[in-house]
Structures are given as structure tokens and as C-alpha cells.
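Undergrad: What follows is protein.cif, made up of mmCIF, C-alpha atoms and all ligand atoms:
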data_final
loop_
_atom_site.label_atom_id
_atom_site.label_comp_id
_atom_site.auth_asym_id
_atom_site.auth_seq_id
_atom_site.Cartn_x
_atom_site.Cartn_y
_atom_site.Cartn_z
CA MET A 208 48.26 21.27 30.67
CA PRO A 209 49.94 19.55 27.66
CA GLU A 210 49.57 21.48 24.45
CA LYS A 211 48.54 18.69 22.09
CA LEU A 212 46.94 15.28 22.40
CA GLY A 213 48.39 12.36 20.41
CA VAL A 214 45.41 10.55 18.86
CA GLY A 215 45.06 7.23 17.05
CA VAL A 216 42.02 6.34 14.93
CA ILE A 217 40.72 2.77 14.66
CA GLY A 218 38.68 2.36 11.47
CA VAL A 219 39.05 4.80 8.58
CA GLY A 220 35.96 4.06 6.52
CA THR A 221 33.35 6.80 5.93
CA ILE A 222 33.15 8.39 9.38
CA GLY A 223 36.59 7.28 10.57
CA ARG A 224 38.22 9.00 7.63
CA GLN A 225 36.27 12.18 8.39
CA HIS A 226 37.41 12.06 12.03
CA ALA A 227 41.00 11.41 10.94
CA ALA A 228 40.92 14.35 8.50
CA ASN A 229 39.43 16.64 11.17
CA LEU A 230 42.09 15.59 13.69
CA ALA A 231 44.87 16.10 11.13
CA THR A 232 43.73 19.46 9.83
CA LEU A 233 40.94 21.15 11.81
CA VAL A 234 41.41 20.26 15.48
CA PRO A 235 44.31 22.49 16.54
CA ARG A 236 45.13 20.69 19.80
CA ALA A 237 45.28 17.20 18.24
CA ARG A 238 48.20 15.34 16.68
CA LEU A 239 47.02 12.43 14.54
CA VAL A 240 49.78 9.89 15.10
CA ALA A 241 48.40 6.51 13.97
CA VAL A 242 45.55 4.93 12.02
CA VAL A 243 44.31 1.36 11.86
CA ASP A 244 41.89 -0.34 9.52
CA ALA A 245 40.99 -3.97 8.93
CA ASN A 246 41.65 -3.19 5.26
CA PRO A 247 45.42 -2.51 4.94
CA GLU A 248 44.97 -0.56 1.71
CA ALA A 249 42.51 1.86 3.40
CA ALA A 250 44.84 2.36 6.38
CA ARG A 251 47.86 2.94 4.14
CA ARG A 252 45.96 5.35 1.87
CA VAL A 253 44.54 7.50 4.68
CA ALA A 254 47.96 7.59 6.41
CA ALA A 255 49.55 8.79 3.16
CA GLU A 256 46.83 11.37 2.43
CA LEU A 257 46.98 12.86 5.91
CA ALA A 258 50.72 12.44 6.57
CA VAL A 259 50.11 10.14 9.56
CA PRO A 260 53.39 8.66 10.86
CA SER A 261 52.09 5.15 11.56
CA TRP A 262 49.45 2.78 10.14
CA SER A 263 48.59 -0.88 10.64
CA THR A 264 45.71 -3.36 10.77
CA ASN A 265 46.11 -4.10 14.49
CA ALA A 266 44.20 -2.13 17.15
CA ASP A 267 46.37 -3.42 20.02
CA GLU A 268 49.49 -2.25 18.19
CA LEU A 269 47.97 1.23 17.80
CA ALA A 270 46.90 1.30 21.45
CA ALA A 271 50.40 0.30 22.62
CA ASN A 272 52.06 3.09 20.59
CA PRO A 273 53.51 5.49 23.21
CA ASP A 274 52.65 8.51 21.01
CA VAL A 275 48.95 7.55 21.15
CA GLU A 276 47.41 9.14 24.24
CA ALA A 277 43.76 8.79 23.20
CA ILE A 278 41.85 6.72 20.67
CA VAL A 279 38.92 7.32 18.33
CA VAL A 280 37.00 4.10 17.64
CA ALA A 281 35.21 4.36 14.29
CA SER A 282 35.41 0.80 12.99
CA SER A 283 32.32 -1.20 12.00
CA HIS A 284 29.67 -1.35 14.73
CA VAL A 285 30.41 -4.97 15.54
CA ALA A 286 34.07 -4.12 16.19
CA HIS A 287 33.46 -1.13 18.52
CA LEU A 288 33.72 -3.20 21.69
CA ASP A 289 37.09 -4.66 20.62
CA GLY A 290 38.41 -1.14 19.98
CA ILE A 291 37.22 0.12 23.37
CA LEU A 292 38.72 -2.91 25.14
CA ALA A 293 42.05 -2.44 23.31
CA ALA A 294 42.12 1.19 24.44
CA ALA A 295 41.21 0.28 28.01
CA ARG A 296 43.91 -2.45 28.16
CA ALA A 297 46.49 0.15 27.14
CA ARG A 298 44.95 2.76 29.50
CA LYS A 299 44.17 5.22 26.71
CA HIS A 300 41.17 7.58 26.68
CA VAL A 301 38.44 6.77 24.17
CA PHE A 302 36.00 8.45 21.84
CA CYS A 303 33.68 5.84 20.29
CA GLU A 304 31.29 6.36 17.40
CA LYS A 305 27.60 5.49 17.81
CA PRO A 306 26.16 2.96 18.37
CA MET A 307 28.76 2.33 21.09
CA THR A 308 27.99 -1.39 20.98
CA ILE A 309 25.30 -3.60 19.49
CA SER A 310 24.11 -5.33 22.69
CA LEU A 311 23.50 -4.22 26.27
CA GLU A 312 25.90 -6.90 27.53
CA GLN A 313 28.63 -5.40 25.36
CA ALA A 314 27.71 -1.89 26.55
CA ASP A 315 28.11 -2.99 30.17
CA GLN A 316 31.43 -4.62 29.33
CA ALA A 317 32.68 -1.42 27.64
CA ILE A 318 31.58 0.80 30.53
CA ALA A 319 33.15 -1.54 33.11
CA ALA A 320 36.44 -1.79 31.16
CA VAL A 321 37.00 1.98 30.91
CA LYS A 322 36.00 2.44 34.54
CA GLN A 323 38.44 -0.21 35.69
CA ALA A 324 41.22 1.22 33.52
CA GLY A 325 40.54 4.74 34.84
CA VAL A 326 40.19 6.18 31.32
CA ARG A 327 37.54 8.48 29.87
CA LEU A 328 34.87 7.45 27.37
CA GLN A 329 32.85 9.82 25.18
CA VAL A 330 30.33 8.62 22.59
CA GLY A 331 29.71 10.14 19.16
CA PHE A 332 26.21 11.57 19.18
CA MET A 333 27.41 14.45 16.99
CA ARG A 334 24.00 16.12 16.68
CA ARG A 335 24.53 17.49 20.18
CA TYR A 336 27.32 19.64 18.67
CA ASP A 337 25.34 20.83 15.64
CA PRO A 338 24.75 24.59 16.08
CA ALA A 339 20.96 24.29 15.51
CA TYR A 340 20.49 21.28 17.83
CA ALA A 341 22.75 22.88 20.46
CA ALA A 342 20.79 26.16 20.22
CA ALA A 343 17.52 24.24 20.67
CA LYS A 344 18.92 22.64 23.81
CA GLN A 345 19.92 26.09 25.12
CA GLN A 346 16.42 27.44 24.47
CA ILE A 347 14.94 24.52 26.41
CA GLU A 348 17.36 25.06 29.29
CA SER A 349 16.53 28.73 29.45
CA GLY A 350 12.81 27.91 29.65
CA THR A 351 11.78 29.56 26.36
CA ILE A 352 9.30 26.83 25.41
CA GLY A 353 8.13 26.07 28.95
CA ASP A 354 8.25 22.36 29.80
CA PRO A 355 9.27 20.29 26.75
CA VAL A 356 6.67 17.53 26.37
CA LEU A 357 6.93 16.18 22.82
CA VAL A 358 9.76 15.35 20.41
CA LYS A 359 8.89 14.58 16.79
CA ALA A 360 11.81 13.39 14.69
CA THR A 361 12.18 12.73 10.96
CA HIS A 362 15.32 10.87 9.85
CA ARG A 363 15.57 10.01 6.16
CA ASN A 364 18.70 8.95 4.31
CA LEU A 365 19.03 9.71 0.61
CA ALA A 366 20.26 6.19 -0.13
CA VAL A 367 20.79 3.09 2.01
CA PRO A 368 23.85 3.82 4.21
CA PRO A 369 26.75 1.35 3.76
CA SER A 370 26.46 0.15 7.37
CA LEU A 371 22.85 -0.86 6.68
CA ALA A 372 23.37 -2.23 3.18
CA ALA A 373 25.93 -4.61 4.73
CA GLY A 374 23.26 -6.04 7.06
CA GLY A 375 24.57 -4.84 10.42
CA ALA A 376 22.43 -4.21 13.47
CA GLY A 377 19.43 -2.72 11.61
CA ALA A 378 18.08 0.80 11.24
CA PHE A 379 16.77 1.18 14.80
CA VAL A 380 20.29 0.64 16.19
CA ASP A 381 22.22 2.31 13.35
CA SER A 382 20.07 5.34 12.49
CA ALA A 383 17.17 5.95 14.90
CA VAL A 384 19.61 5.74 17.82
CA HIS A 385 20.51 9.41 17.09
CA ASP A 386 16.88 10.44 17.54
CA TYR A 387 16.46 8.37 20.71
CA ASP A 388 19.50 10.15 22.15
CA ASN A 389 18.07 13.52 21.07
CA ALA A 390 14.70 12.76 22.68
CA ARG A 391 16.30 11.86 26.06
CA TRP A 392 18.54 14.93 25.85
CA PHE A 393 15.76 17.37 24.98
CA LEU A 394 13.18 16.01 27.40
CA GLU A 395 15.81 15.39 30.10
CA ASP A 396 14.02 12.22 31.03
CA GLU A 397 14.20 8.46 30.63
CA VAL A 398 12.06 6.26 28.38
CA VAL A 399 9.77 3.77 30.12
CA GLU A 400 7.87 2.33 27.15
CA VAL A 401 8.69 1.74 23.48
CA GLN A 402 6.40 0.75 20.63
CA ALA A 403 7.52 0.41 17.00
CA MET A 404 6.37 -0.64 13.55
CA ALA A 405 8.60 -1.34 10.58
CA ALA A 406 8.15 -2.06 6.89
CA LYS A 407 10.35 -3.46 4.16
CA VAL A 408 10.32 -1.14 1.16
CA PHE A 409 13.33 -2.31 -0.84
CA ASP A 410 14.41 -5.72 -1.96
CA LEU A 411 18.08 -5.80 -1.11
CA GLY A 412 18.35 -9.53 -1.68
CA PRO A 413 18.15 -12.59 0.56
CA GLY A 414 18.47 -11.85 4.28
CA SER A 415 17.96 -8.12 3.74
CA ARG A 416 16.52 -6.08 6.58
CA SER A 417 12.85 -5.50 7.20
CA ASP A 418 13.13 -2.05 8.77
CA ASP A 419 13.66 0.23 5.77
CA LEU A 420 10.82 2.38 7.01
CA SER A 421 9.90 2.63 10.67
CA LEU A 422 7.99 4.53 13.30
CA THR A 423 8.82 4.44 17.00
CA THR A 424 6.74 5.89 19.81
CA LEU A 425 8.40 6.56 23.17
CA ARG A 426 6.77 7.26 26.53
CA PHE A 427 8.92 9.03 29.10
CA ALA A 428 8.85 8.63 32.90
CA ARG A 429 7.43 12.12 33.55
CA GLY A 430 4.76 11.71 30.86
CA GLY A 431 6.47 13.21 27.78
CA LEU A 432 6.16 11.49 24.38
CA ALA A 433 8.31 11.19 21.29
CA THR A 434 7.82 9.87 17.77
CA VAL A 435 10.74 8.91 15.55
CA GLU A 436 10.45 8.16 11.85
CA THR A 437 13.31 6.59 9.92
CA TYR A 438 13.40 5.89 6.21
CA VAL A 439 16.67 4.47 4.95
CA ALA A 440 16.48 5.63 1.31
CA CYS A 441 13.94 8.39 0.65
CA GLY A 442 15.61 9.24 -2.68
CA TYR A 443 15.47 13.05 -2.53
CA ALA A 444 17.82 14.26 0.26
CA TYR A 445 19.40 13.62 3.64
CA ASP A 446 16.35 14.89 5.46
CA VAL A 447 16.86 15.19 9.22
CA ARG A 448 14.47 17.44 11.15
CA THR A 449 13.31 17.52 14.75
CA GLU A 450 10.51 19.40 16.50
CA ILE A 451 10.39 19.91 20.24
CA ALA A 452 7.02 21.10 21.53
CA GLY A 453 6.68 22.53 25.00
CA THR A 454 3.97 24.02 27.18
CA GLY A 455 4.94 27.51 25.97
CA GLY A 456 6.31 27.14 22.43
CA THR A 457 7.85 24.84 19.84
CA LEU A 458 11.34 24.57 18.36
CA PHE A 459 11.91 23.38 14.77
CA VAL A 460 15.41 22.11 14.03
CA GLY A 461 16.78 21.31 10.58
CA GLN A 462 16.24 22.20 6.97
CA LEU A 463 16.42 20.53 3.59
CA GLN A 464 18.65 23.11 1.92
CA GLN A 465 22.43 22.79 1.90
CA THR A 466 23.17 26.27 0.54
CA GLY A 467 21.17 29.50 0.37
CA LEU A 468 20.96 29.40 -3.44
CA HIS A 469 17.56 29.56 -5.16
CA LEU A 470 16.95 29.30 -8.88
CA ALA A 471 13.82 31.14 -10.00
CA THR A 472 12.41 30.61 -13.50
CA ALA A 473 8.98 30.79 -15.10
CA THR A 474 8.36 27.21 -14.01
CA GLY A 475 9.01 27.85 -10.33
CA ILE A 476 11.68 28.26 -7.69
CA CYS A 477 14.08 25.51 -6.72
CA HIS A 478 17.04 24.97 -4.45
CA ASP A 479 19.55 22.24 -3.65
CA ALA A 480 19.11 19.66 -0.88
CA VAL A 481 21.48 18.18 1.69
CA GLN A 482 22.79 14.88 0.34
CA HIS A 483 24.74 13.21 3.16
CA TRP A 484 25.27 13.30 6.90
CA LEU A 485 28.96 14.20 6.43
CA ALA A 486 27.77 17.43 4.76
CA ARG A 487 24.81 18.15 7.05
CA PHE A 488 26.79 17.48 10.21
CA GLY A 489 30.30 18.38 8.95
CA LEU A 490 30.70 21.22 11.43
CA ALA A 491 29.20 19.16 14.26
CA TYR A 492 31.83 16.42 13.74
CA GLN A 493 34.59 19.03 13.83
CA LEU A 494 33.24 20.73 16.98
CA GLU A 495 32.68 17.35 18.64
CA LEU A 496 36.32 16.23 18.31
CA THR A 497 37.64 19.69 19.15
CA ASP A 498 35.66 19.54 22.39
CA TRP A 499 36.68 15.91 23.09
CA VAL A 500 40.37 16.75 22.62
CA SER A 501 40.23 19.80 24.92
CA ARG A 502 38.24 17.96 27.59
CA THR A 503 40.65 15.03 27.42
CA LEU A 504 43.59 17.41 27.87
CA SER A 505 41.94 19.39 30.70
CA GLY A 506 40.24 16.44 32.45
CA ASP A 507 36.74 17.97 32.18
CA PRO A 508 34.02 15.27 32.20
CA PRO A 509 32.70 14.02 28.83
CA PRO A 510 29.24 15.44 27.99
CA VAL A 511 28.05 12.29 26.18
CA THR A 512 28.82 9.21 28.24
CA GLY A 513 28.77 5.44 28.00
CA ALA A 514 25.58 5.56 30.08
CA ASP A 515 23.95 7.83 27.45
CA ALA A 516 24.99 5.38 24.73
CA ARG A 517 23.63 2.44 26.72
CA ALA A 518 20.29 4.19 27.29
CA ALA A 519 19.86 5.02 23.58
CA LEU A 520 20.82 1.47 22.63
CA ALA A 521 18.30 0.02 25.10
CA ILE A 522 15.58 2.02 23.32
CA ALA A 523 16.81 0.88 19.88
CA LEU A 524 16.85 -2.78 20.90
CA ALA A 525 13.39 -2.47 22.46
CA ALA A 526 12.10 -0.85 19.23
CA THR A 527 13.63 -3.70 17.20
CA ASP A 528 11.80 -6.22 19.41
CA SER A 529 8.55 -4.30 19.37
CA ALA A 530 8.56 -4.06 15.55
CA ARG A 531 9.09 -7.83 15.38
CA THR A 532 6.46 -8.86 17.93
CA GLY A 533 3.91 -6.06 17.53
CA GLN A 534 3.95 -5.58 21.31
CA PRO A 535 5.00 -2.54 23.37
CA VAL A 536 8.18 -3.04 25.42
CA ARG A 537 8.59 -1.67 28.98
CA LEU A 538 12.06 -0.44 29.80
CA GLU A 539 13.73 -0.89 33.16
CA PRO A 540 15.84 1.98 34.48
CA SER A 541 19.49 1.58 33.33
CA PRO A 542 21.98 0.52 36.02
CA ALA A 543 23.57 3.58 37.69
C1 LIG B 1 25.03 6.76 9.82
O1 LIG B 1 25.89 5.82 10.42
C2 LIG B 1 24.91 7.97 10.67
O2 LIG B 1 25.32 8.03 11.79
C3 LIG B 1 24.02 9.00 10.10
O3 LIG B 1 23.96 10.13 10.91
C4 LIG B 1 22.64 8.41 9.93
O4 LIG B 1 21.80 9.35 9.34
C5 LIG B 1 22.69 7.17 9.05
O5 LIG B 1 21.40 6.63 8.97
C6 LIG B 1 23.64 6.15 9.66
O6 LIG B 1 23.72 5.01 8.82
#
Please lay out the structure from this file as C-alpha cells.
Ligand code: ISE

TA:
Amino acid sequence: MPEKLGVGVIGVGTIGRQHAANLATLVPRARLVAVVDANPEAARRVAAELAVPSWSTNADELAANPDVEAIVVASSHVAHLDGILAAARARKHVFCEKPMTISLEQADQAIAAVKQAGVRLQVGFMRRYDPAYAAAKQQIESGTIGDPVLVKATHRNLAVPPSLAAGGAGAFVDSAVHDYDNARWFLEDEVVEVQAMAAKVFDLGPGSRSDDLSLTTLRFARGGLATVETYVACGYAYDVRTEIAGTGGTLFVGQLQQTGLHLATATGICHDAVQHWLARFGLAYQLELTDWVSRTLSGDPPPVTGADARAALAIALAATDSARTGQPVRLEPSPA
């Protein structure tokens, strides 16, 4: 088995830069050999900071680089498909950030392209690598809570994330997609019905989104239910918590505190709060790419697939529709 994997990163904005830094410094079996960004200044800066030998603004150029054996796609959501197709054309393995694509047609195109090229595709639902979420999954698998029947998710950003402020695909696709993936993963079942409501809380100018605050209800094939709340700018913390209730117990995942420090005075006791997903899920991102690199080197199958990404996206798109029309949406089983 080769010792190290040569990796190129497409897109070095918020999450892409984090992935690049992890690959350069914290993932021992990776060699970060090239970065690309649509903004040349960002690509040049990250390459200089992390001592990356090559940078450019062209994804095909990165994919054709013989030192690049596998590619992380972390560009803007709308550009994910182009990154995956560039990797597939050059027959390089891929890790793509969530949401993998912004339409089901694009998801099918991405899945078909990697299949035809014979390369591997893993998708970035990093919560699955977070120690608390992973421990919850283990408890479920070992039967501790009996049959899991309900997932209740809270997902609040401190301030409007850049990908949402820029318009983008909306909060169901950008943010709630994590919780939809979690619900499928914890209940080990597929969603058959989606109902959602959304409200506009902030005035972000003309054309701004109308899903600042939303609630989604999911019905699963075997009868389980899930509720997902997203609030794009709650103003007090990055507040991500999930409960999984079963026939014999309940798991509570997540906390508001970043550190264990409390300040006690005559007026009360206070503590800090998690501010950003890069802090809350910092270790998860590191573990995720460490696992992706070793699986890519060893040939072990990816644990989070294009099919998982497609299923979560189908729920997000159905929720977007349901919030617009006020009607529940039935989901067809995804193609095998
Ligand atoms: C961002 O892209 C993420 O993936 C974060 O985990 C999520 O909390 C945030 O809402 C998204 O914009």
C-alpha cells in the first residue's frame, strides 16, 4: 500500500481552507500538492501559507497534475458538479463537500460519472465523524435505546453563513441537509413523506431568502418520525443538538459550551458558547479526511456515498417545495 496520498483541493474558501490545512498538517498520510480557487488571490495565499507546491484557478489543470491522486471538492455548491466531473475525467478519487449537488439531475450525473470512471466518491457529512454523534450511532447499533423511532434536531447558526448570505440553494439544502442525513443514518431507514414550513426573519435585501427559520417533519418507511429545526442566525451561538428517542431510551447529542470554563459571581454562573461550525466540528473534519485518505489508499469502501448525498438532497428539495406550497411531499425510493 502506498504510504501517502497526493491530494488536490478545489475551492479554498471557509471549509476548503480548513480541509487544506488539515491535509497539510494533521492528516499524516496525505500530501497536499495543489490547490485551486476561482479567486486567484485566495489560491495563491493558501498555497503560500501551507507550502503547497502548485496553485491555479483551473480545476482541470489540478486534476491533470500527475502528483494529484485524489481530489477534495470544496468550491461553492453550484460548482461541486464541475469539480466532480473534472476529477472523474482525470480518473482521480473524490471527496466532495455537502450538499454534493444542488439538483437531483446533477446528483445522478455525478454518481454516473464516478462510476463510469471507476473512481471513489465520498461526501462530507462530517457530523458522522464527530465523537458524540459517532458514539450515539454506536449506542443505537448496540441496541442500548431499543428501536430508534424519533429524531429531533436543532440547527442554529450564530450569524447567516456566507453560503446563505450569497443567495445559494437555500437553508434546507445548505444547512438542514446535515440533519436529514443524520436522521436517515440514525433511524437506518428512508424518508417517504416530507412536510415543511419556513419564515423570513431577516431583511437581507431584494431577492433574499424566505427560509431563515424553518421546521421540517419527516415520516420514514418503517414508521419513524423526525423533526428538524433550522434558524440561520440565532444570535447567541452555533447551537447544534440532536435527540434520538427509542423504545428503550433516548440519546442527547451536543452542547452549547465550547470549553469547560464557568465564571461564577454574585449575579450568577456563566460560560462561553460555541461560535462556529469549524470550532464545533473541528475534530470531525480532521477525522473525516484522515479516514477518507486511509480508505482511498487501502481501497476500503467509502462510508458516506453519493447515494447518501442524493437521498439527503431529495429530502431537502422536497422540504423546499413543501414550504413553498404548504403541501406535504411524498418521496419515491432513490434509484439503486
Ligand atoms: C455550513 O455550510 C455548514 O455545513 C454548517 O455545518 C452548517 O451549520 C451551516 O448552516 C452551513 O451554512

Undergrad: Need the shell around Ala324 in chain A: protein/DNA/RNA residues with any atom at most 8 Å away, counting only C-alpha atoms. Skip same-chain ones fewer than 5 positions apart. Format as a short mmCIF file (atom, residue, chain, number, x, y, z; two decimals) with C-alpha atoms, in the coordinates of the input?

TA:
data_model
loop_
_atom_site.label_atom_id
_atom_site.label_comp_id
_atom_site.auth_asym_id
_atom_site.auth_seq_id
_atom_site.Cartn_x
_atom_site.Cartn_y
_atom_site.Cartn_z
CA ALA A 295 41.21 0.28 28.01
CA ARG A 296 43.91 -2.45 28.16
CA ARG A 298 44.95 2.76 29.50
#

Undergrad: At a cut-off of 7 Å and counting only C-alpha atoms and all ligand atoms, what residues surround ligand LIG 1 (chain B)? Please answer as a ChimeraX atom specification.

TA: /A:305,362,364,368-371,381-382,439,484

Undergrad: Take the point (46.6, 2.8, 4.5) in the file's coordinates, draw a sphere of radius 12 Å around it, and report as a PyMOL selection string every protein, DNA or RNA residue with an atom inside or on it, counting all atoms listed in the file.

TA: chain A and resi 216-220+224+241-264

Undergrad: Which distance in Å separates CA of Thr351 in chain A and CA of Asp388 in chain A, to one decimal?

TA: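 Those two atoms sit 21.3 Å apart.
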
Undergrad: Measuring between all atoms listed in the file, which one of A:Gly513, A:Pro540, A:Ala471, A:His478 shows the shortest distance to Ala428 in chain A?

TA: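 That would be A:Pro540, the residue with the smallest distance to Ala428 in chain A.
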
Undergrad: Pick out the residues sitting within 12 Å of Lys322 in chain A, and hand them over as a list in words; count all atoms listed in the file, and ignore anything fewer than 6 positions along from it in its own chain.

TA: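 So, after excluding close chain neighbours, the residues are Ile291, Leu292, Ala294, Ala295, Arg296, Arg298, Lys299, His300, Val301, Asp315, Gln316, Leu328, Thr512, Gly513 and Ala514 of chain A.
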
Undergrad: Using all atoms listed in the file, find the one residue out of A:Gly430, A:Gly456, A:Gly215, A:Gly533 that sits nearest to Val275 in chain A.

TA: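 Selected residue with least distance to Val275 in chain A: A:Gly215.
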
Undergrad: Take every atom of range 410-429 of chain A listed in the file, fit an axis-aligned box around them, add 8 Å per side, and give the centre and edge lengths in Å to one decimal as lines of an AutoDock Vina configuration file.

TA:
center_x = 12.6
center_y = -0.2
center_z = 15.8
size_x = 27.7
size_y = 40.7
size_z = 51.5

Undergrad: Please determine, counting only C-alpha atoms, which residue among A:Val398, A:Gly375, A:Leu233, A:Val460 has the shortest atom-to-atom distance to Lys344 in chain A.

TA: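 Once distances to Lys344 in chain A are computed over only C-alpha atoms, the minimum belongs to A:Val460.
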
Undergrad: Using all atoms listed in the file, determine which residues lie at most 7 Å from Ala297 in chain A, disregarding the query and same-chain residues fewer than 3 positions distant; provide the list as a short mmCIF file (atom, residue, chain, number, x, y, z; two decimals) with C-alpha atoms, keeping the file's coordinate frame.

TA:
data_model
loop_
_atom_site.label_atom_id
_atom_site.label_comp_id
_atom_site.auth_asym_id
_atom_site.auth_seq_id
_atom_site.Cartn_x
_atom_site.Cartn_y
_atom_site.Cartn_z
CA ALA A 270 46.90 1.30 21.45
CA ALA A 271 50.40 0.30 22.62
CA ALA A 293 42.05 -2.44 23.31
CA ALA A 294 42.12 1.19 24.44
#

Undergrad: What's the separation between CA of Asp507 in chain A and CA of Ala486 in chain A, in Å to one decimal place?

TA: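 Between CA of Asp507 in chain A and CA of Ala486 in chain A the gap is 28.9 Å.
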
Undergrad: Excluding Ala342 in chain A and residues on its chain fewer than 4 positions from it, collect all residues at most 12 Å away from it, counting all atoms listed in the file, and give them as a list in words.

TA: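 Final neighbour list, sorted by chain and number: Arg334, Arg335, Tyr336, Asp337, Pro338, Gln346, Ile347, Glu348, Ser349, Thr351, Phe393, Leu458, Phe459, Val460 and Gly461 of chain A.
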
Undergrad: Take the selection from the previous step and output its residues with C-alpha atoms, as a PDB file, keeping the file's coordinate frame.

TA:
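Output below, filename again39.pdb:
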ATOM      1  CA  ARG A 334      24.000  16.120  16.680  1.00  0.00           C
ATOM      2  CA  ARG A 335      24.530  17.490  20.180  1.00  0.00           C
ATOM      3  CA  TYR A 336      27.320  19.640  18.670  1.00  0.00           C
ATOM      4  CA  ASP A 337      25.340  20.830  15.640  1.00  0.00           C
ATOM      5  CA  PRO A 338      24.750  24.590  16.080  1.00  0.00           C
ATOM      6  CA  GLN A 346      16.420  27.440  24.470  1.00  0.00           C
ATOM      7  CA  ILE A 347      14.940  24.520  26.410  1.00  0.00           C
ATOM      8  CA  GLU A 348      17.360  25.060  29.290  1.00  0.00           C
ATOM      9  CA  SER A 349      16.530  28.730  29.450  1.00  0.00           C
ATOM     10  CA  THR A 351      11.780  29.560  26.360  1.00  0.00           C
ATOM     11  CA  PHE A 393      15.760  17.370  24.980  1.00  0.00           C
ATOM     12  CA  LEU A 458      11.340  24.570  18.360  1.00  0.00           C
ATOM     13  CA  PHE A 459      11.910  23.380  14.770  1.00  0.00           C
ATOM     14  CA  VAL A 460      15.410  22.110  14.030  1.00  0.00           C
ATOM     15  CA  GLY A 461      16.780  21.310  10.580  1.00  0.00           C
TER      16      GLY A 461
END

Undergrad: What does the distance from CA of Leu520 in chain A to CA of Leu394 in chain A come to in Å, to one decimal?

TA: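 It comes out at 17.1 Å.
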
Undergrad: Any idea what's packed within 8 Å of Ala525 in chain A, counting only C-alpha atoms, ignoring anything in its chain fewer than 6 positions away? Could you give it as a PyMOL selection string?

TA: chain A and resi 401-402+536+538

Undergrad: From the set A:Gly442, A:Gly223, A:Gly412, A:Pro273, which residue has the shortest atom-to-atom contact distance to Phe302 in chain A, counting only C-alpha atoms?

TA: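 Closest residue, counting only C-alpha atoms: A:Gly223.
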
Undergrad: Quick test: take range 313-328 of chain A, keep N, CA and C atoms, and write it as a CSV table (one decimal), in the first residue's frame.

TA:
chain,number,residue,atom,x,y,z
A,313,GLN,N,-28.3,16.7,-11.3
A,313,GLN,CA,-26.8,16.8,-11.1
A,313,GLN,C,-26.3,15.7,-10.3
A,314,ALA,N,-27.0,15.3,-9.2
A,314,ALA,CA,-26.5,14.2,-8.4
A,314,ALA,C,-26.4,12.9,-9.2
A,315,ASP,N,-27.4,12.6,-10.0
A,315,ASP,CA,-27.3,11.4,-10.9
A,315,ASP,C,-26.1,11.5,-11.8
A,316,GLN,N,-25.9,12.7,-12.4
A,316,GLN,CA,-24.8,12.9,-13.3
A,316,GLN,C,-23.4,12.6,-12.5
A,317,ALA,N,-23.3,13.1,-11.3
A,317,ALA,CA,-22.1,13.0,-10.5
A,317,ALA,C,-21.9,11.5,-10.2
A,318,ILE,N,-22.9,10.8,-9.8
A,318,ILE,CA,-22.8,9.4,-9.4
A,318,ILE,C,-22.4,8.5,-10.7
A,319,ALA,N,-23.1,8.9,-11.8
A,319,ALA,CA,-22.8,8.1,-13.0
A,319,ALA,C,-21.3,8.4,-13.5
A,320,ALA,N,-20.9,9.6,-13.3
A,320,ALA,CA,-19.5,9.9,-13.8
A,320,ALA,C,-18.4,9.2,-13.0
A,321,VAL,N,-18.6,9.2,-11.7
A,321,VAL,CA,-17.5,8.5,-10.9
A,321,VAL,C,-17.6,7.0,-11.2
A,322,LYS,N,-18.8,6.5,-11.3
A,322,LYS,CA,-19.0,5.0,-11.6
A,322,LYS,C,-18.3,4.7,-12.9
A,323,GLN,N,-18.6,5.5,-13.9
A,323,GLN,CA,-18.0,5.2,-15.2
A,323,GLN,C,-16.5,5.3,-15.2
A,324,ALA,N,-16.0,6.3,-14.4
A,324,ALA,CA,-14.5,6.5,-14.4
A,324,ALA,C,-13.8,5.4,-13.5
A,325,GLY,N,-14.6,4.7,-12.7
A,325,GLY,CA,-14.1,3.7,-11.8
A,325,GLY,C,-13.3,4.4,-10.6
A,326,VAL,N,-13.8,5.6,-10.2
A,326,VAL,CA,-13.1,6.2,-9.1
A,326,VAL,C,-14.1,6.3,-7.9
A,327,ARG,N,-13.6,6.5,-6.7
A,327,ARG,CA,-14.4,6.5,-5.5
A,327,ARG,C,-14.9,7.9,-5.2
A,328,LEU,N,-16.1,7.9,-4.5
A,328,LEU,CA,-16.7,9.2,-4.2
A,328,LEU,C,-17.2,9.1,-2.7
